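Trainee: Got a structure for you, questions after.
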Amino acid sequence: MTKRALKRQVREGAFDAGQFQDDGKVRRLPVDRAWSPLAHHNDDREQGYLKTIKSKSPGQDELIAAIDAKNLVMALGPAGTGKTYLAIAKAVEALEAGKVGRIVLSRPAVEAGESLGFLPGEMEDKLAPYLRPLYDALSDRLSMKRVRALMTEGAIEIAPVGFMRGRTLNNAFVVIDEAQNCTYGQLKMLLTRLGWHSTMVVTGDPNQSDLLPELSGLGPVADKLEAVANIAVVRLKDRDIVRHPLVAEMLGVL
């Protein structure tokens with residue numbers, strides 16, 4: 001090739017791909033073609049757009065089975081056993097499958113042993129710190145953009161316990177979190193909100209109440225409802241803790 005022809009090809013960008021076929025520096029990365037989106041018969045993947053729920057302990061197995069079988073489930077156990085996470089994961093699963101029309105999440109606005117004083121802002125701003133754990137669990141199952149969209153549509157509602165009186169929750173998956181901070185009267189009010197085609201899961205740890213011991217109603221309510229055949233009371237143990245191993249060790253001595 002003459003120098004003039006080479007300059008013309010550079011100027012016009014008219015390179016021949018065949019000139020580079022013998023380049024020893026070309027490296028091809030291996031591509032794993034073991035799975036194809038068209039090969040449904042051989043699709044053994046466990047993770048899709050919505051993460052698959054998997055139990056990590058016998059107690060979690062029992063809790064998941066109870067939620068699938070009963071309309072009212074009480075999950076009692078120490079911190080780190082996955083009570084809230086599993087309840088919200090099952091709620092999202094039911095909503096995505098069309099089994100319920102909405103998710104209602106509620107927890108008491110009780111401070112953890114210290115007074116925070118008056119919080120600035122509108123009502124939503126004042127309640128946001130108390131409801132943050134529910135947002136965290138939701139955002140782990142769905143993107144925050146999806147969570148915001150569903151909340152705008154009314155398909156997801158997050159409310160403090162004080163706003164639940166007088167309501168009937170039909171066609172809904174209801175999660176009452178941190179129920180150890182509810183009084184006996186509040187729990188009675190919450191449990192009687194259950195409507196048609198709805199599931200309610202009540203979670204809490206009777207040993208970590210921020211109320212005075214005689215005011216928390218979770219333990220007495222669970223003891224009484226354990227005798228009702230159509231209600232499941234699941235008591236998780238230290239062996240079901242899936243948080244850091246030190247949590248189980250600490251709770252064993254504290």
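Lettering and numbering for the structure tokens are positional, with chains as A, B, ... in the shown order, residues counted from 1 in each chain, and ligands counted from 1 in the shown order.
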Got a sec to tell me which of range 58-219 of chain A DSSP assigns to strand (DSSP E or B), as a PyMOL selection string?
Mentor: chain A and resi 72-76+102-107+156-160+169+172-176+183+194+199-204+216
Trainee: Keeping C-alpha atoms for every residue in the selection just given, could you write it to a file as an mmCIF file, in the first residue's frame?
Mentor:
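Saved result, result23.cif, follows:
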```cif
data_model
loop_
_atom_site.group_PDB
_atom_site.id
_atom_site.type_symbol
_atom_site.label_atom_id
_atom_site.label_comp_id
_atom_site.auth_asym_id
_atom_site.auth_seq_id
_atom_site.Cartn_x
_atom_site.Cartn_y
_atom_site.Cartn_z
ATOM 1 C CA LEU A 72 -53.714 -14.197 61.669
ATOM 2 C CA VAL A 73 -50.161 -14.952 62.799
ATOM 3 C CA MET A 74 -48.308 -13.728 65.864
ATOM 4 C CA ALA A 75 -44.512 -13.949 65.578
ATOM 5 C CA LEU A 76 -42.725 -13.572 68.897
ATOM 6 C CA ARG A 102 -52.716 -3.431 49.340
ATOM 7 C CA ILE A 103 -50.163 -3.642 52.134
ATOM 8 C CA VAL A 104 -50.785 -1.894 55.451
ATOM 9 C CA LEU A 105 -47.784 -1.550 57.782
ATOM 10 C CA SER A 106 -48.141 -0.167 61.273
ATOM 11 C CA ARG A 107 -46.021 0.247 64.381
ATOM 12 C CA ILE A 156 -48.719 0.481 50.301
ATOM 13 C CA GLU A 157 -49.718 2.372 53.437
ATOM 14 C CA ILE A 158 -47.491 2.969 56.448
ATOM 15 C CA ALA A 159 -49.228 4.351 59.520
ATOM 16 C CA PRO A 160 -48.693 4.551 63.278
ATOM 17 C CA LEU A 169 -58.890 -3.710 56.466
ATOM 18 C CA ALA A 172 -55.024 -6.388 52.589
ATOM 19 C CA PHE A 173 -51.834 -7.818 54.042
ATOM 20 C CA VAL A 174 -51.378 -6.137 57.427
ATOM 21 C CA VAL A 175 -48.121 -6.154 59.396
ATOM 22 C CA ILE A 176 -48.087 -4.840 62.973
ATOM 23 C CA THR A 183 -50.827 -2.015 75.355
ATOM 24 C CA LEU A 194 -58.919 -7.682 60.263
ATOM 25 C CA THR A 199 -53.833 -11.598 56.380
ATOM 26 C CA MET A 200 -52.399 -10.032 59.517
ATOM 27 C CA VAL A 201 -48.961 -10.688 60.991
ATOM 28 C CA VAL A 202 -48.098 -9.273 64.422
ATOM 29 C CA THR A 203 -44.394 -9.215 65.318
ATOM 30 C CA GLY A 204 -42.588 -8.328 68.501
ATOM 31 C CA SER A 216 -47.091 -4.302 77.353
#
```
Trainee: Can you pull out the residues contacting range 221-225 of chain A? Cut-off 12 Å, using only C-alpha atoms, and skip same-chain residues under 2 positions away; I want them as an MDAnalysis selection string.
Mentor: chainID A and resid 72:77 179:180 182:191 202:206 215:219 227:235
Trainee: Step one, run DSSP on the backbone; step two, keep only residues of range 118-174 of chain A assigned to alpha helix (DSSP H); then write them as a list in words.
Mentor: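 Alpha helix (DSSP H) members of range 118-174 of chain A, listed: Met123, Glu124, Asp125, Lys126, Leu127, Ala128, Pro129, Tyr130, Leu131, Arg132, Pro133, Leu134, Tyr135, Asp136, Ala137, Leu138, Ser139, Asp140, Arg141, Met144, Lys145, Arg146, Val147, Arg148, Ala149, Leu150, Met151, Thr152 and Glu153 of chain A.
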Trainee: In Å, how far is it from CA of Asp140 in chain A to CA of Gly252 in chain A?
Mentor: 28.7 Å
Trainee: Rounded to one decimal in Å, what is the spacing between CA of Ile241 in chain A and CA of Ser57 in chain A?
Mentor: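 Computed distance, CA of Ile241 in chain A to CA of Ser57 in chain A, equals 8.1 Å.
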Trainee: Could you name the residues that touch Arg167 in chain A at 9 Å or less, counting only C-alpha atoms, but leaving out those on the same chain fewer than 3 positions away, as a VMD selection string?
Mentor: chain A and resid 163 to 164 193 to 194
Trainee: Based on the selection just made, write N, CA and C atoms of those residues as a short mmCIF file (atom, residue, chain, number, x, y, z; two decimals), in the first residue's frame.
Mentor:
```cif
data_model
loop_
_atom_site.label_atom_id
_atom_site.label_comp_id
_atom_site.auth_asym_id
_atom_site.auth_seq_id
_atom_site.Cartn_x
_atom_site.Cartn_y
_atom_site.Cartn_z
N PHE A 163 -53.46 5.67 64.36
CA PHE A 163 -54.35 6.02 63.26
C PHE A 163 -55.19 4.84 62.77
N MET A 164 -55.16 3.73 63.47
CA MET A 164 -55.81 2.52 62.97
C MET A 164 -57.22 2.31 63.52
N ARG A 193 -59.18 -5.17 63.56
CA ARG A 193 -59.26 -4.44 62.28
C ARG A 193 -59.32 -5.43 61.11
N LEU A 194 -59.03 -6.69 61.34
CA LEU A 194 -58.92 -7.68 60.26
C LEU A 194 -60.24 -7.82 59.50
#
```
Trainee: Identify, on the basis of only C-alpha atoms, every residue whose closest approach to Val247 in chain A does not exceed 10 Å; exclude the query and any residue fewer than 3 positions from it along the same chain; express the result as a PDB file with all heavy atoms, in the first residue's frame.
Mentor:
```pdb
ATOM      1  N   PRO A  78     -36.757 -13.052  69.845  1.00  0.00           N
ATOM      2  CA  PRO A  78     -35.727 -12.041  70.113  1.00  0.00           C
ATOM      3  C   PRO A  78     -35.323 -11.272  68.865  1.00  0.00           C
ATOM      4  O   PRO A  78     -35.693 -11.624  67.739  1.00  0.00           O
ATOM      5  CB  PRO A  78     -34.556 -12.876  70.659  1.00  0.00           C
ATOM      6  CG  PRO A  78     -34.767 -14.240  70.093  1.00  0.00           C
ATOM      7  CD  PRO A  78     -36.252 -14.430  69.996  1.00  0.00           C
ATOM      8  N   ALA A  79     -34.559 -10.228  69.069  1.00  0.00           N
ATOM      9  CA  ALA A  79     -34.087  -9.400  67.957  1.00  0.00           C
ATOM     10  C   ALA A  79     -33.223 -10.227  67.015  1.00  0.00           C
ATOM     11  O   ALA A  79     -32.459 -11.089  67.439  1.00  0.00           O
ATOM     12  CB  ALA A  79     -33.277  -8.223  68.501  1.00  0.00           C
ATOM     13  N   GLY A  80     -33.355  -9.961  65.714  1.00  0.00           N
ATOM     14  CA  GLY A  80     -32.496 -10.609  64.730  1.00  0.00           C
ATOM     15  C   GLY A  80     -33.009 -11.926  64.202  1.00  0.00           C
ATOM     16  O   GLY A  80     -32.302 -12.609  63.457  1.00  0.00           O
ATOM     17  N   ASP A 238     -33.513 -18.260  70.318  1.00  0.00           N
ATOM     18  CA  ASP A 238     -32.174 -17.721  70.057  1.00  0.00           C
ATOM     19  C   ASP A 238     -31.506 -18.404  68.873  1.00  0.00           C
ATOM     20  O   ASP A 238     -30.730 -17.792  68.149  1.00  0.00           O
ATOM     21  CB  ASP A 238     -31.296 -17.877  71.301  1.00  0.00           C
ATOM     22  CG  ASP A 238     -31.728 -16.956  72.437  1.00  0.00           C
ATOM     23  OD1 ASP A 238     -32.609 -16.110  72.198  1.00  0.00           O
ATOM     24  OD2 ASP A 238     -31.185 -17.081  73.553  1.00  0.00           O
ATOM     25  N   ILE A 241     -31.805 -16.728  65.368  1.00  0.00           N
ATOM     26  CA  ILE A 241     -31.214 -15.416  65.082  1.00  0.00           C
ATOM     27  C   ILE A 241     -30.296 -15.516  63.867  1.00  0.00           C
ATOM     28  O   ILE A 241     -29.402 -16.365  63.819  1.00  0.00           O
ATOM     29  CB  ILE A 241     -30.437 -14.891  66.306  1.00  0.00           C
ATOM     30  CG1 ILE A 241     -31.402 -14.601  67.457  1.00  0.00           C
ATOM     31  CG2 ILE A 241     -29.643 -13.634  65.959  1.00  0.00           C
ATOM     32  CD1 ILE A 241     -30.726 -14.187  68.755  1.00  0.00           C
ATOM     33  N   VAL A 242     -30.554 -14.668  62.883  1.00  0.00           N
ATOM     34  CA  VAL A 242     -29.766 -14.684  61.647  1.00  0.00           C
ATOM     35  C   VAL A 242     -28.952 -13.401  61.500  1.00  0.00           C
ATOM     36  O   VAL A 242     -28.321 -13.193  60.465  1.00  0.00           O
ATOM     37  CB  VAL A 242     -30.681 -14.884  60.416  1.00  0.00           C
ATOM     38  CG1 VAL A 242     -31.305 -16.261  60.436  1.00  0.00           C
ATOM     39  CG2 VAL A 242     -31.767 -13.806  60.354  1.00  0.00           C
ATOM     40  N   ARG A 243     -29.001 -12.546  62.496  1.00  0.00           N
ATOM     41  CA  ARG A 243     -28.158 -11.348  62.502  1.00  0.00           C
ATOM     42  C   ARG A 243     -26.740 -11.779  62.874  1.00  0.00           C
ATOM     43  O   ARG A 243     -26.429 -12.964  62.885  1.00  0.00           O
ATOM     44  CB  ARG A 243     -28.746 -10.333  63.487  1.00  0.00           C
ATOM     45  CG  ARG A 243     -28.414  -8.877  63.167  1.00  0.00           C
ATOM     46  CD  ARG A 243     -29.260  -7.944  64.006  1.00  0.00           C
ATOM     47  NE  ARG A 243     -30.596  -7.760  63.463  1.00  0.00           N
ATOM     48  CZ  ARG A 243     -31.584  -7.169  64.122  1.00  0.00           C
ATOM     49  NH1 ARG A 243     -31.400  -6.738  65.350  1.00  0.00           N
ATOM     50  NH2 ARG A 243     -32.769  -7.014  63.550  1.00  0.00           N
ATOM     51  N   HIS A 244     -25.872 -10.861  63.200  1.00  0.00           N
ATOM     52  CA  HIS A 244     -24.494 -11.194  63.552  1.00  0.00           C
ATOM     53  C   HIS A 244     -24.479 -12.218  64.693  1.00  0.00           C
ATOM     54  O   HIS A 244     -25.284 -12.116  65.638  1.00  0.00           O
ATOM     55  CB  HIS A 244     -23.759  -9.921  63.984  1.00  0.00           C
ATOM     56  CG  HIS A 244     -22.266 -10.069  64.018  1.00  0.00           C
ATOM     57  ND1 HIS A 244     -21.611 -10.748  65.026  1.00  0.00           N
ATOM     58  CD2 HIS A 244     -21.316  -9.646  63.161  1.00  0.00           C
ATOM     59  CE1 HIS A 244     -20.317 -10.723  64.801  1.00  0.00           C
ATOM     60  NE2 HIS A 244     -20.103 -10.058  63.664  1.00  0.00           N
ATOM     61  N   MET A 250     -24.891 -12.348  72.919  1.00  0.00           N
ATOM     62  CA  MET A 250     -25.236 -11.303  73.878  1.00  0.00           C
ATOM     63  C   MET A 250     -26.587 -11.565  74.528  1.00  0.00           C
ATOM     64  O   MET A 250     -26.723 -11.432  75.750  1.00  0.00           O
ATOM     65  CB  MET A 250     -25.251  -9.934  73.176  1.00  0.00           C
ATOM     66  CG  MET A 250     -23.873  -9.380  72.876  1.00  0.00           C
ATOM     67  SD  MET A 250     -23.969  -7.680  72.256  1.00  0.00           S
ATOM     68  CE  MET A 250     -24.714  -7.932  70.658  1.00  0.00           C
ATOM     69  N   LEU A 251     -27.570 -11.940  73.707  1.00  0.00           N
ATOM     70  CA  LEU A 251     -28.896 -12.172  74.262  1.00  0.00           C
ATOM     71  C   LEU A 251     -28.907 -13.366  75.209  1.00  0.00           C
ATOM     72  O   LEU A 251     -29.778 -13.485  76.063  1.00  0.00           O
ATOM     73  CB  LEU A 251     -29.903 -12.391  73.143  1.00  0.00           C
ATOM     74  CG  LEU A 251     -30.234 -11.133  72.304  1.00  0.00           C
ATOM     75  CD1 LEU A 251     -31.172 -11.481  71.166  1.00  0.00           C
ATOM     76  CD2 LEU A 251     -30.828 -10.051  73.183  1.00  0.00           C
ATOM     77  N   GLY A 252     -27.939 -14.248  75.061  1.00  0.00           N
ATOM     78  CA  GLY A 252     -27.856 -15.395  75.956  1.00  0.00           C
ATOM     79  C   GLY A 252     -27.413 -15.037  77.363  1.00  0.00           C
ATOM     80  O   GLY A 252     -27.658 -15.797  78.307  1.00  0.00           O
TER      81      GLY A 252
END
```
Trainee: Using Å and a single decimal, report how far CA of Thr152 in chain A sits from CA of Ala97 in chain A.
Mentor: 19.4 Å
Trainee: Given only C-alpha atoms as the basis, pick out the residue of A:Glu226, A:Gly82, A:Leu212, A:Lys90 nearest to Gly59 in chain A.
Mentor: A:Gly82
Trainee: Kindly indicate which residue among A:Ala109, A:Met151, A:Ile53, A:Leu236 lies nearest to Glu93 in chain A, using only C-alpha atoms for the distances.
Mentor: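 Comparing A:Ala109, A:Met151, A:Ile53, A:Leu236 against Glu93 in chain A, the winner is A:Ile53.
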Trainee: Please identify all polymer residues within 8 Å of Ala89 in chain A, counting only C-alpha atoms, omitting same-chain residues fewer than 3 positions from it, and present them as a list in words.
Mentor: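 Once the adjacent positions are removed, what remains is Ile53, Tyr85, Leu86, Val92, Glu93, Leu138 and Arg141 of chain A.
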Trainee: Once you have the residues from the selection above, write them out as a short mmCIF file (atom, residue, chain, number, x, y, z; two decimals), in the first residue's frame, restricted to C-alpha atoms.
Mentor:
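So selection-v1.cif came out as:
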```cif
data_model
loop_
_atom_site.label_atom_id
_atom_site.label_comp_id
_atom_site.auth_asym_id
_atom_site.auth_seq_id
_atom_site.Cartn_x
_atom_site.Cartn_y
_atom_site.Cartn_z
CA ILE A 53 -37.42 -15.78 50.24
CA TYR A 85 -38.35 -8.93 57.33
CA LEU A 86 -40.19 -12.18 56.64
CA VAL A 92 -44.75 -7.93 49.02
CA GLU A 93 -45.00 -11.43 47.57
CA LEU A 138 -39.61 -2.51 51.97
CA ARG A 141 -37.61 -6.12 48.65
#
```
Trainee: Skip Leu142 in chain A itself and residues of its chain fewer than 3 positions away, then list as a list in words all residues within 12 Å of it, counting only C-alpha atoms.
Mentor: Tyr49, Leu50, Lys51, Ile88, Ala89, Ala91, Val92, Glu93, Leu95, Glu96, Tyr135, Asp136, Ala137, Leu138, Ser139, Lys145, Arg146, Val147, Arg148, Ala149, Leu150 and Ile156 of chain A
Trainee: Find the spatial neighbours of Ile64 in chain A, counting only C-alpha atoms, within a cut-off of 9 Å - ignore same-chain residues fewer than 2 positions away - and output them as a PyMOL selection string.
Mentor: chain A and resi 55+59-62+66-69+86-87+90
Trainee: Can you write out the residues you just picked, keeping C-alpha atoms, as a PDB file, in the first residue's frame?
Mentor:
```
ATOM      1  CA  SER A  55     -35.750 -19.556  55.540  1.00  0.00           C
ATOM      2  CA  GLY A  59     -38.308 -21.230  63.389  1.00  0.00           C
ATOM      3  CA  GLN A  60     -38.367 -19.244  60.166  1.00  0.00           C
ATOM      4  CA  ASP A  61     -39.667 -22.342  58.374  1.00  0.00           C
ATOM      5  CA  GLU A  62     -42.517 -22.492  60.866  1.00  0.00           C
ATOM      6  CA  ALA A  66     -47.939 -20.258  59.325  1.00  0.00           C
ATOM      7  CA  ILE A  67     -48.284 -17.117  57.172  1.00  0.00           C
ATOM      8  CA  ASP A  68     -49.218 -19.273  54.181  1.00  0.00           C
ATOM      9  CA  ALA A  69     -51.811 -21.245  56.169  1.00  0.00           C
ATOM     10  CA  LEU A  86     -40.192 -12.184  56.636  1.00  0.00           C
ATOM     11  CA  ALA A  87     -43.576 -10.590  57.320  1.00  0.00           C
ATOM     12  CA  LYS A  90     -44.505 -12.223  52.384  1.00  0.00           C
TER      13      LYS A  90
END
```
